[in-house]
Amino acid sequence: MKNEVELRFLDALEENKGKLFRICSIYAKDEDDAKDLFQEVLVQIWKSMNTFKGGSAIGTWMFRVALNVCLRFKSKSDKNQKRLIRLDSITIQNLKNEENNEPDTQKLKALRSCIKKMKEADKAVVALYLEGMAYREISNILGLSENHVAVKIKRIKIKLSNCINEMI
Amino acid sequence: MMNDELIRIWQSASNEDRIKFKKSKLMIELQSSFGRLHRWWKYLELVEMVSLSICIISFTFITFWAPFITVKIASVLFIFFSIHILYKLVRIKKLKPSDFEAHYLEYLKKTRDYLNAQRGLLATAIYWVVLPIYPILLLFFAELWQLPKKRHLIVITFLLAIGMGVYGYFLNKKRVKKEMDPRIAKVDEMIEELERS
């Protein structure tokens, strides 16, 4: 039973680690902060793993936990009350030292910078949208109606596009 | 910019960050960190329970063995006072949003409720922690005042209690203003932003 939970956790983690890390990076101040937050997210996901009932896809469930942990982490870091966990088994290598000037890299930088400027609530919506999730899944995670999500995304996309165009 | 393009650019970030983990070691670390969190929480509960128990046992003892009736009455009041404080703290603890699986909006609302409850507790602590202590202390020392040898001790204790009360009042006021109010405003703003189309 325990092995089953472990396997399910590891499989889901392998599949979603990149997405989870990108969500963490939205809420983090810098790279180190994002790594700390990612580790905290993993601990909380593992802690809640036994309570996952399978009502939604495991990825959707993981995003829900991740967003709530990011929110809590943010309020903790505001209060300087971090109580973080270090997991030595996780390494995050940054391969951007090539510093290429490809248009996509510039756009990515601009996109990240624009997202950082957004309001906290919009960050959650845009993070899920950019991960390619369906409106139904996003509404399931955020607790909003699908229509509401669609309207918000439409507004955010316009804002993002304008912001990126201004920066490039 | 096309919709798909935004998504494609965003997802290309995964080419920059390579996340690796050693499976077996990760599981051991996760188990151990979970145990650590669990132990820490238990420790907090234990400290609270022990402090309260010591307080109740001490004043129960005084209630039965003290020679003066006012000391007995004050001790009983101290016991009720301690139980009342614990009750308030436990009630607040129940509001703490620990369910990470809730909807984001629901989690935000739970966080707001918890922060508001904490704020209320801090803002009103003067009425249910600081002020009730003085009449009980007065009652406790009323008959002991007749013993000249104890007078300096009574004066020092009372001054200390007043000093701590004033310090606590201003500390709580500062906490509400600097820590609670900005966080509540921030969560309120996020809820409003999320609910707005």
# chains A, B, ... in the order shown; residues from 1 in each chain; ligands from 1

call {"tool": "residues_around", "arguments": {"residues": "stretch 186-189 of chain B", "least_positions_apart": "2", "cutoff": "10 Å", "atoms": "only C-alpha atoms", "output": "number ranges by chain"}}
result
A: 71, 75, 119-121; B: 108-109, 111-112, 115, 180-184, 191-195

call {"tool": "residues_around", "arguments": {"residues": "B:Arg196", "least_positions_apart": "6", "cutoff": "12 Å", "atoms": "only C-alpha atoms", "output": "list in words"}}
result
Ala121, Asp122, Leu144, Ser145, Asn147, His148, Val149, Val151, Lys152, Ile153 and Arg155 of chain A; Leu105, Glu189 and Met190 of chain B

call {"tool": "atom_distance", "arguments": {"atom1": "atom CA of B:Ala161", "atom2": "atom CA of B:Leu131"}}
result
10.3 Å

call {"tool": "atom_distance", "arguments": {"atom1": "atom CA of A:Glu15", "atom2": "atom CA of A:Tyr27"}}
result
21.0 Å

call {"tool": "select_by_dssp", "arguments": {"residues": "chain A", "states": "helix (DSSP H, G or I)", "output": "ChimeraX atom specification"}}
result
/A:2-27,31-51,58-78,96-98,103-117,120-130,135-142,146-167

call {"tool": "atom_distance", "arguments": {"atom1": "atom CA of A:Gly143", "atom2": "atom CA of A:Lys117"}}
result
23.4 Å

call {"tool": "residues_around", "arguments": {"residues": "stretch 70-72 of chain B", "least_positions_apart": "2", "cutoff": "8 Å", "atoms": "only C-alpha atoms", "output": "list in words"}}
result
Ile62, Thr63, Phe64, Ala66, Pro67, Phe68, Ala74, Ser75, Val76, Leu139, Phe140, Phe141, Ala142 and Glu143 of chain B

call {"tool": "residues_around", "arguments": {"residues": "A:Asn16", "least_positions_apart": "3", "cutoff": "10 Å", "atoms": "only C-alpha atoms", "output": "VMD selection string"}}
result
chain A and resid 10 to 13 19 to 21 58 to 60 62 to 63

call {"tool": "residues_around", "arguments": {"residues": "A:Ser56", "least_positions_apart": "4", "cutoff": "10 Å", "atoms": "only C-alpha atoms", "output": "ChimeraX atom specification"}}
result
/A:52,60-62,137,140-141
